[in-house]
Every structure is written in C-alpha cells, then in structure tokens.
file entry.txt (compact mmCIF, C-alpha atoms)
# COMPACT_ATOMS: atom_id res chain seq x y z
CA MET M 26 106.48 94.54 118.11
CA GLN M 27 107.33 96.11 114.80
CA LYS M 28 108.03 99.64 113.61
CA LYS M 29 106.33 101.66 110.91
CA VAL M 30 107.25 105.05 109.49
CA PHE M 31 104.28 107.32 108.78
CA GLN M 32 104.45 110.48 106.69
CA LEU M 33 101.80 113.09 107.41
CA LEU M 34 101.01 116.27 105.55
CA VAL M 35 99.16 118.63 107.87
CA ASN M 36 97.94 122.20 107.90
CA ASN M 37 100.65 124.44 109.32
CA THR M 38 98.53 125.75 112.20
CA SER M 39 99.39 126.39 115.81
CA GLY M 40 98.93 123.38 118.04
CA VAL M 41 98.80 120.76 115.27
CA LEU M 42 101.86 118.88 116.56
CA SER M 43 100.46 119.03 120.09
CA ARG M 44 97.15 117.53 118.94
CA ILE M 45 98.93 114.69 117.13
CA ALA M 46 101.18 113.98 120.12
CA GLY M 47 98.12 114.14 122.39
CA LEU M 48 96.40 111.43 120.35
CA PHE M 49 99.41 109.15 120.83
CA SER M 50 99.51 109.95 124.54
CA ARG M 51 95.78 109.42 125.17
CA ARG M 52 95.74 106.07 123.40
CA GLY M 53 99.05 104.87 124.86
CA TYR M 54 100.73 104.49 121.47
CA ASN M 55 104.53 104.36 121.45
CA VAL M 56 106.44 106.95 119.40
CA GLU M 57 110.04 106.05 118.56
CA SER M 58 110.70 109.42 116.89
CA ILE M 59 108.86 112.39 115.45
CA THR M 60 110.19 115.10 113.15
CA ALA M 61 108.36 118.02 111.60
CA GLY M 62 109.16 120.80 109.18
CA VAL M 63 107.51 123.10 106.71
CA THR M 64 107.25 121.92 103.08
CA ALA M 65 107.73 123.90 99.86
CA ASP M 66 104.23 125.25 100.60
CA PRO M 67 104.48 127.28 103.85
CA LEU M 68 100.86 126.36 104.66
CA ILE M 69 101.74 122.65 104.89
CA THR M 70 103.97 120.83 107.40
CA ARG M 71 105.45 117.37 106.79
CA ILE M 72 105.62 115.20 109.90
CA THR M 73 107.47 111.89 110.00
CA ILE M 74 106.50 109.58 112.86
CA VAL M 75 108.13 106.26 113.69
CA ALA M 76 105.73 104.22 115.81
CA SER M 77 105.96 100.71 117.22
CA GLY M 78 103.38 98.13 118.11
CA ASP M 79 101.65 95.06 116.75
CA ASP M 80 99.77 95.10 113.42
CA GLU M 81 96.46 96.03 115.05
CA ILE M 82 97.92 98.98 116.98
CA LEU M 83 99.80 100.30 113.94
CA GLU M 84 96.62 100.08 111.86
CA GLN M 85 94.70 101.97 114.56
CA ILE M 86 97.38 104.66 114.67
CA GLU M 87 97.00 105.26 110.94
CA LYS M 88 93.20 105.39 111.16
CA GLN M 89 93.07 107.64 114.23
CA VAL M 90 95.65 110.10 112.93
CA ALA M 91 93.83 110.30 109.58
CA LYS M 92 90.69 111.45 111.43
CA LEU M 93 92.37 114.52 112.95
CA GLU M 94 91.09 117.79 111.50
CA ASP M 95 94.41 119.25 110.33
CA VAL M 96 95.74 116.03 108.77
CA ARG M 97 95.57 116.27 104.97
CA SER M 98 97.18 112.91 104.25
CA ILE M 99 98.92 110.02 105.97
CA ARG M 100 100.78 107.12 104.44
CA GLU M 101 103.26 104.51 105.48
CA LEU M 102 106.78 104.93 104.14
CA LYS M 103 107.97 101.40 103.41
CA PRO M 104 111.74 100.81 103.72
CA GLU M 105 112.06 99.24 100.27
CA SER M 106 110.47 102.23 98.50
CA SER M 107 111.66 105.12 100.69
CA VAL M 108 114.80 106.92 101.78
CA PHE M 109 115.31 107.66 105.49
CA ARG M 110 117.90 109.94 107.06
CA GLU M 111 118.75 111.12 110.53
CA LEU M 112 121.07 113.83 111.82
CA ILE M 113 123.21 113.65 114.92
CA MET M 114 125.39 116.31 116.50
CA ILE M 115 127.75 114.83 119.04
CA LYS M 116 130.23 116.56 121.33
CA VAL M 117 133.25 114.45 122.34
CA ARG M 118 135.91 115.28 124.90
CA ALA M 119 139.15 115.41 122.95
CA SER M 120 142.62 115.99 124.29
CA ALA M 121 145.32 117.05 121.85
CA GLU M 122 146.46 113.40 121.62
CA GLN M 123 142.95 112.13 120.84
CA ARG M 124 141.94 114.67 118.20
CA GLN M 125 143.53 112.95 115.20
CA SER M 126 141.96 109.56 115.94
CA ILE M 127 138.49 111.12 116.43
CA ILE M 128 138.91 113.07 113.18
CA ALA M 129 139.97 109.85 111.40
CA VAL M 130 136.82 108.03 112.56
CA SER M 131 134.74 111.04 111.50
CA ASP M 132 136.36 111.05 108.06
CA ILE M 133 135.54 107.36 107.52
CA PHE M 134 131.85 108.17 108.10
CA ARG M 135 132.00 111.42 106.11
CA ALA M 136 131.06 113.33 109.25
CA LYS M 137 131.92 117.00 109.63
CA ILE M 138 133.76 118.63 112.49
CA ILE M 139 131.55 121.68 113.11
CA ASP M 140 133.13 123.09 116.27
CA VAL M 141 136.52 122.84 117.90
CA ALA M 142 137.08 123.89 121.49
CA PRO M 143 140.18 123.46 123.67
CA GLU M 144 138.81 120.24 125.23
CA SER M 145 136.20 118.99 122.77
CA LEU M 146 135.11 118.45 119.18
CA MET M 147 131.55 118.74 117.90
CA ILE M 148 130.73 116.42 115.02
CA GLU M 149 127.77 116.41 112.61
CA LEU M 150 126.71 113.24 110.80
CA THR M 151 123.76 112.50 108.51
CA GLY M 152 122.77 109.00 107.49
CA ASN M 153 120.48 106.09 108.16
CA GLN M 154 120.01 104.77 111.68
CA GLN M 155 122.53 101.96 111.22
CA LYS M 156 125.25 104.39 110.12
CA ILE M 157 124.58 106.69 113.08
CA ASP M 158 124.57 103.75 115.53
CA ALA M 159 127.83 102.39 114.06
CA PHE M 160 129.47 105.83 114.40
CA ILE M 161 128.40 106.12 118.03
CA GLY M 162 129.72 102.61 118.62
CA LEU M 163 133.17 103.58 117.36
CA LEU M 164 133.20 106.61 119.66
CA GLU M 165 132.53 104.49 122.78
CA GLY M 166 136.20 104.66 123.76
CA TYR M 167 135.89 108.44 124.08
CA GLU M 168 133.85 110.50 126.50
CA ILE M 169 130.66 111.66 124.79
CA LEU M 170 129.72 114.91 126.49
CA GLU M 171 126.45 115.64 124.68
CA GLN M 172 124.48 114.48 121.69
CA ALA M 173 121.39 115.65 119.85
CA ARG M 174 119.68 113.26 117.46
CA THR M 175 116.83 114.37 115.20
CA GLY M 176 114.95 111.17 114.55
CA ILE M 177 114.03 109.92 111.11
CA ALA M 178 113.02 112.10 108.19
CA GLY M 179 111.90 110.25 105.10
CA LEU M 180 110.49 110.52 101.61
CA GLY M 181 109.15 107.94 99.19
CA ARG M 182 111.29 107.14 96.16
CA GLY M 183 110.27 108.26 92.69
CA THR M 184 107.17 110.22 91.67
CA GLU M 185 104.38 107.62 91.90
CA GLU M 186 103.11 108.39 95.39
CA ILE M 187 103.61 112.13 95.70
CA VAL M 188 100.66 113.83 97.38
CA TYR M 189 99.76 117.13 95.74
CA ILE M 190 97.67 119.37 97.94
call {"tool": "encode", "arguments": {"input": "entry.txt", "output": "structure tokens"}}
result
Amino acid sequence: MQKKVFQLLVNNTSGVLSRIAGLFSRRGYNVESITAGVTADPLITRITIVASGDDEILEQIEKQVAKLEDVRSIRELKPESSVFRELIMIKVRASAEQRQSIIAVSDIFRAKIIDVAPESLMIELTGNQQKIDAFIGLLEGYEILEQARTGIAGLGRGTEEIVYI
C-alpha cells in the first residue's frame, strides 16, 4: 500500500464533494484525508485528496475521478515537487503547574496558544504531517481533551504546472 496526494479543481456547485466522496465509497477506495476550499476564482473549488492503495487502484482513482462531470482537472502532487501543510487545533488539560511546560513545548514547534481557560489550553499548529505527529507525541504526558485535524492541503512548487481555467 502506498499513498498519493491528488489535487482536483472542480466546479463550485452544490453536491460536488458528495459526488466525489460517493465515487470513493462505491468503489471501495480508501481516503486518508480530504480537504476542500474555494480558490481565487469563486466558481472553482480546490480539493486535496490523500488516497492509499496499490499502483493499480491509485491509477483507477485518478481515471475515475477525472471522468466526473464537475472535475476540471486532476493531478498528482508529488512530495519532491510540492508543499504540504496540515492544521491541528488541540485542547489540553492544563493545571497551573503544567501550563509553562505545555507553553514551552508549543514554543519549540512555533504553535500558538489560541484559547486559555481555567483548566485547559487550546493550541494551533500548522506544519507537515511529521511535525504535527511529533508535537502530539510530546503532549502524550498530558491529557488531550479534544483535537481537530484538517488533513493535508498542498500545492505544487513553482509555476510550471499551474492549471489556468
């Protein structure tokens, strides 16, 4: 099993994300993460999908998604020629004695404390998957109350492969 990151540009119409997810569901394809957001053109949505499978399955995913009506383009974002980021918001139980050590770990990772409550801290961190995983690993000694993780967003490096629609 391997992973591939696909970038789709699709028409910003109602139900487009549902139709794409339905294709994955019907065919039994595995989605590791999916993120979507409007582009500079409000008529176009950029969707980043991380899928896993063998070479044949990943090739079929690309072909099947490309056939969908609202899909304007699909391409693989290769790690060596792309930049990937993920966002996590994590709420940690923090007594008065623990706050400074949690803040110190957050500072090392350039994370931001975005909410302080009497018994908890909420932290925001953006980075690649390895950075996020390492941060979570260092917080294992504390009680993680909640976390929300976005999944990967990515763009190709440079200007060679920009799709103009």
call {"tool": "atom_distance", "arguments": {"input": "entry.txt", "atom1": "atom CA of M:Gln154", "atom2": "atom CA of M:Pro104"}}
result
12.1 Å
call {"tool": "closest_residue", "arguments": {"input": "entry.txt", "among": "M:Leu102, M:Asp66, M:Gly53, M:Ala61", "to": "M:Gln85", "atoms": "all atoms listed in the file"}}
result
M:Gly53
call {"tool": "closest_residue", "arguments": {"input": "entry.txt", "among": "M:Ala178, M:Ile59, M:Val30, M:Ala142", "to": "M:Gly78", "atoms": "only C-alpha atoms"}}
result
M:Val30
call {"tool": "residues_near_point", "arguments": {"input": "entry.txt", "point": "(122.9, 111.5, 106.7)", "cutoff": "6 Å", "atoms": "only C-alpha atoms", "output": "number ranges by chain"}}
result
M: 110-112, 150-152
call {"tool": "write_last_selection", "arguments": {"input": "entry.txt", "atoms": "C-alpha atoms", "output": "PDB file, in the coordinates of the input"}}
result
ATOM      1  CA  ARG M 110     117.900 109.940 107.060  1.00  0.00           C
ATOM      2  CA  GLU M 111     118.750 111.120 110.530  1.00  0.00           C
ATOM      3  CA  LEU M 112     121.070 113.830 111.820  1.00  0.00           C
ATOM      4  CA  LEU M 150     126.710 113.240 110.800  1.00  0.00           C
ATOM      5  CA  THR M 151     123.760 112.500 108.510  1.00  0.00           C
ATOM      6  CA  GLY M 152     122.770 109.000 107.490  1.00  0.00           C
TER       7      GLY M 152
END
call {"tool": "residues_around", "arguments": {"input": "entry.txt", "residues": "stretch 32-38 of chain M", "least_positions_apart": "6", "cutoff": "9 Å", "atoms": "only C-alpha atoms", "output": "list in words"}}
result
Val63, Thr64, Pro67, Leu68, Ile69, Thr70, Arg71, Ile72, Thr73, Ile74, Val75, Val90, Ala91, Glu94, Asp95, Val96, Arg97, Ser98, Ile99, Arg100, Glu101, Leu102, Ala178, Gly179, Leu180, Val188 and Ile190 of chain M
call {"tool": "residues_around", "arguments": {"input": "entry.txt", "residues": "M:Gly166", "least_positions_apart": "6", "cutoff": "12 Å", "atoms": "all atoms listed in the file", "output": "number ranges by chain"}}
result
M: 117-119, 123, 126-127, 130, 160
call {"tool": "residues_near_point", "arguments": {"input": "entry.txt", "point": "(102.8, 98.3, 114.3)", "cutoff": "12 Å", "atoms": "only C-alpha atoms", "output": "PyMOL selection string"}}
result
chain M and resi 26-31+54-57+74-87+101
call {"tool": "decode", "arguments": {"input": "entry.txt", "residues": "stretch 30-61 of chain M", "atoms": "N, CA and C atoms", "output": "PDB file, in the first residue's frame"}}
result
ATOM      1  N   VAL M  30      -1.158  11.916  -3.228  1.00  0.00           N
ATOM      2  CA  VAL M  30      -1.917  13.140  -2.990  1.00  0.00           C
ATOM      3  C   VAL M  30      -2.397  13.639  -4.343  1.00  0.00           C
ATOM      4  N   PHE M  31      -3.722  13.785  -4.474  1.00  0.00           N
ATOM      5  CA  PHE M  31      -4.324  14.277  -5.705  1.00  0.00           C
ATOM      6  C   PHE M  31      -4.884  15.672  -5.477  1.00  0.00           C
ATOM      7  N   GLN M  32      -4.634  16.563  -6.434  1.00  0.00           N
ATOM      8  CA  GLN M  32      -5.220  17.898  -6.397  1.00  0.00           C
ATOM      9  C   GLN M  32      -6.262  17.980  -7.498  1.00  0.00           C
ATOM     10  N   LEU M  33      -7.474  18.337  -7.122  1.00  0.00           N
ATOM     11  CA  LEU M  33      -8.565  18.489  -8.074  1.00  0.00           C
ATOM     12  C   LEU M  33      -8.991  19.935  -8.119  1.00  0.00           C
ATOM     13  N   LEU M  34      -9.305  20.416  -9.301  1.00  0.00           N
ATOM     14  CA  LEU M  34     -10.007  21.683  -9.462  1.00  0.00           C
ATOM     15  C   LEU M  34     -11.373  21.309 -10.009  1.00  0.00           C
ATOM     16  N   VAL M  35     -12.415  21.733  -9.296  1.00  0.00           N
ATOM     17  CA  VAL M  35     -13.777  21.345  -9.648  1.00  0.00           C
ATOM     18  C   VAL M  35     -14.672  22.575  -9.698  1.00  0.00           C
ATOM     19  N   ASN M  36     -15.783  22.435 -10.399  1.00  0.00           N
ATOM     20  CA  ASN M  36     -16.787  23.498 -10.392  1.00  0.00           C
ATOM     21  C   ASN M  36     -17.350  23.617  -8.984  1.00  0.00           C
ATOM     22  N   ASN M  37     -17.505  24.821  -8.513  1.00  0.00           N
ATOM     23  CA  ASN M  37     -18.037  25.072  -7.176  1.00  0.00           C
ATOM     24  C   ASN M  37     -19.562  25.010  -7.233  1.00  0.00           C
ATOM     25  N   THR M  38     -20.077  23.776  -7.306  1.00  0.00           N
ATOM     26  CA  THR M  38     -21.522  23.549  -7.382  1.00  0.00           C
ATOM     27  C   THR M  38     -21.961  22.710  -6.190  1.00  0.00           C
ATOM     28  N   SER M  39     -23.230  22.794  -5.868  1.00  0.00           N
ATOM     29  CA  SER M  39     -23.714  22.025  -4.724  1.00  0.00           C
ATOM     30  C   SER M  39     -23.641  20.533  -5.040  1.00  0.00           C
ATOM     31  N   GLY M  40     -23.188  19.782  -4.078  1.00  0.00           N
ATOM     32  CA  GLY M  40     -23.122  18.335  -4.196  1.00  0.00           C
ATOM     33  C   GLY M  40     -21.848  17.791  -4.826  1.00  0.00           C
ATOM     34  N   VAL M  41     -20.937  18.651  -5.272  1.00  0.00           N
ATOM     35  CA  VAL M  41     -19.739  18.146  -5.954  1.00  0.00           C
ATOM     36  C   VAL M  41     -18.884  17.302  -5.010  1.00  0.00           C
ATOM     37  N   LEU M  42     -18.703  17.727  -3.777  1.00  0.00           N
ATOM     38  CA  LEU M  42     -17.909  16.957  -2.831  1.00  0.00           C
ATOM     39  C   LEU M  42     -18.589  15.625  -2.517  1.00  0.00           C
ATOM     40  N   SER M  43     -19.901  15.648  -2.422  1.00  0.00           N
ATOM     41  CA  SER M  43     -20.667  14.423  -2.182  1.00  0.00           C
ATOM     42  C   SER M  43     -20.493  13.426  -3.326  1.00  0.00           C
ATOM     43  N   ARG M  44     -20.508  13.916  -4.553  1.00  0.00           N
ATOM     44  CA  ARG M  44     -20.347  13.028  -5.709  1.00  0.00           C
ATOM     45  C   ARG M  44     -18.944  12.417  -5.742  1.00  0.00           C
ATOM     46  N   ILE M  45     -17.942  13.206  -5.386  1.00  0.00           N
ATOM     47  CA  ILE M  45     -16.573  12.681  -5.354  1.00  0.00           C
ATOM     48  C   ILE M  45     -16.436  11.643  -4.243  1.00  0.00           C
ATOM     49  N   ALA M  46     -16.943  11.957  -3.063  1.00  0.00           N
ATOM     50  CA  ALA M  46     -16.883  11.009  -1.944  1.00  0.00           C
ATOM     51  C   ALA M  46     -17.675   9.742  -2.274  1.00  0.00           C
ATOM     52  N   GLY M  47     -18.795   9.903  -2.962  1.00  0.00           N
ATOM     53  CA  GLY M  47     -19.613   8.752  -3.360  1.00  0.00           C
ATOM     54  C   GLY M  47     -18.859   7.818  -4.288  1.00  0.00           C
ATOM     55  N   LEU M  48     -18.063   8.371  -5.195  1.00  0.00           N
ATOM     56  CA  LEU M  48     -17.257   7.541  -6.094  1.00  0.00           C
ATOM     57  C   LEU M  48     -16.286   6.691  -5.281  1.00  0.00           C
ATOM     58  N   PHE M  49     -15.621   7.297  -4.304  1.00  0.00           N
ATOM     59  CA  PHE M  49     -14.692   6.557  -3.457  1.00  0.00           C
ATOM     60  C   PHE M  49     -15.428   5.467  -2.686  1.00  0.00           C
ATOM     61  N   SER M  50     -16.600   5.799  -2.165  1.00  0.00           N
ATOM     62  CA  SER M  50     -17.375   4.849  -1.388  1.00  0.00           C
ATOM     63  C   SER M  50     -17.854   3.674  -2.246  1.00  0.00           C
ATOM     64  N   ARG M  51     -18.421   3.965  -3.399  1.00  0.00           N
ATOM     65  CA  ARG M  51     -18.945   2.907  -4.279  1.00  0.00           C
ATOM     66  C   ARG M  51     -17.856   1.937  -4.722  1.00  0.00           C
ATOM     67  N   ARG M  52     -16.691   2.438  -4.972  1.00  0.00           N
ATOM     68  CA  ARG M  52     -15.605   1.596  -5.497  1.00  0.00           C
ATOM     69  C   ARG M  52     -14.731   1.015  -4.381  1.00  0.00           C
ATOM     70  N   GLY M  53     -14.996   1.400  -3.143  1.00  0.00           N
ATOM     71  CA  GLY M  53     -14.235   0.863  -2.021  1.00  0.00           C
ATOM     72  C   GLY M  53     -12.822   1.406  -1.916  1.00  0.00           C
ATOM     73  N   TYR M  54     -12.596   2.615  -2.462  1.00  0.00           N
ATOM     74  CA  TYR M  54     -11.283   3.234  -2.368  1.00  0.00           C
ATOM     75  C   TYR M  54     -11.099   3.833  -0.980  1.00  0.00           C
ATOM     76  N   ASN M  55      -9.858   3.822  -0.488  1.00  0.00           N
ATOM     77  CA  ASN M  55      -9.578   4.339   0.843  1.00  0.00           C
ATOM     78  C   ASN M  55      -9.099   5.790   0.766  1.00  0.00           C
ATOM     79  N   VAL M  56      -9.760   6.667   1.512  1.00  0.00           N
ATOM     80  CA  VAL M  56      -9.372   8.069   1.611  1.00  0.00           C
ATOM     81  C   VAL M  56      -8.709   8.283   2.964  1.00  0.00           C
ATOM     82  N   GLU M  57      -7.456   8.750   2.929  1.00  0.00           N
ATOM     83  CA  GLU M  57      -6.747   9.085   4.166  1.00  0.00           C
ATOM     84  C   GLU M  57      -7.201  10.450   4.684  1.00  0.00           C
ATOM     85  N   SER M  58      -7.316  11.424   3.761  1.00  0.00           N
ATOM     86  CA  SER M  58      -7.829  12.742   4.131  1.00  0.00           C
ATOM     87  C   SER M  58      -8.362  13.438   2.892  1.00  0.00           C
ATOM     88  N   ILE M  59      -9.245  14.394   3.132  1.00  0.00           N
ATOM     89  CA  ILE M  59      -9.815  15.192   2.052  1.00  0.00           C
ATOM     90  C   ILE M  59     -10.042  16.603   2.585  1.00  0.00           C
ATOM     91  N   THR M  60      -9.558  17.592   1.841  1.00  0.00           N
ATOM     92  CA  THR M  60      -9.786  18.986   2.205  1.00  0.00           C
ATOM     93  C   THR M  60     -10.294  19.717   0.977  1.00  0.00           C
ATOM     94  N   ALA M  61     -11.111  20.717   1.196  1.00  0.00           N
ATOM     95  CA  ALA M  61     -11.679  21.468   0.078  1.00  0.00           C
ATOM     96  C   ALA M  61     -11.833  22.924   0.473  1.00  0.00           C
TER      97      ALA M  61
END
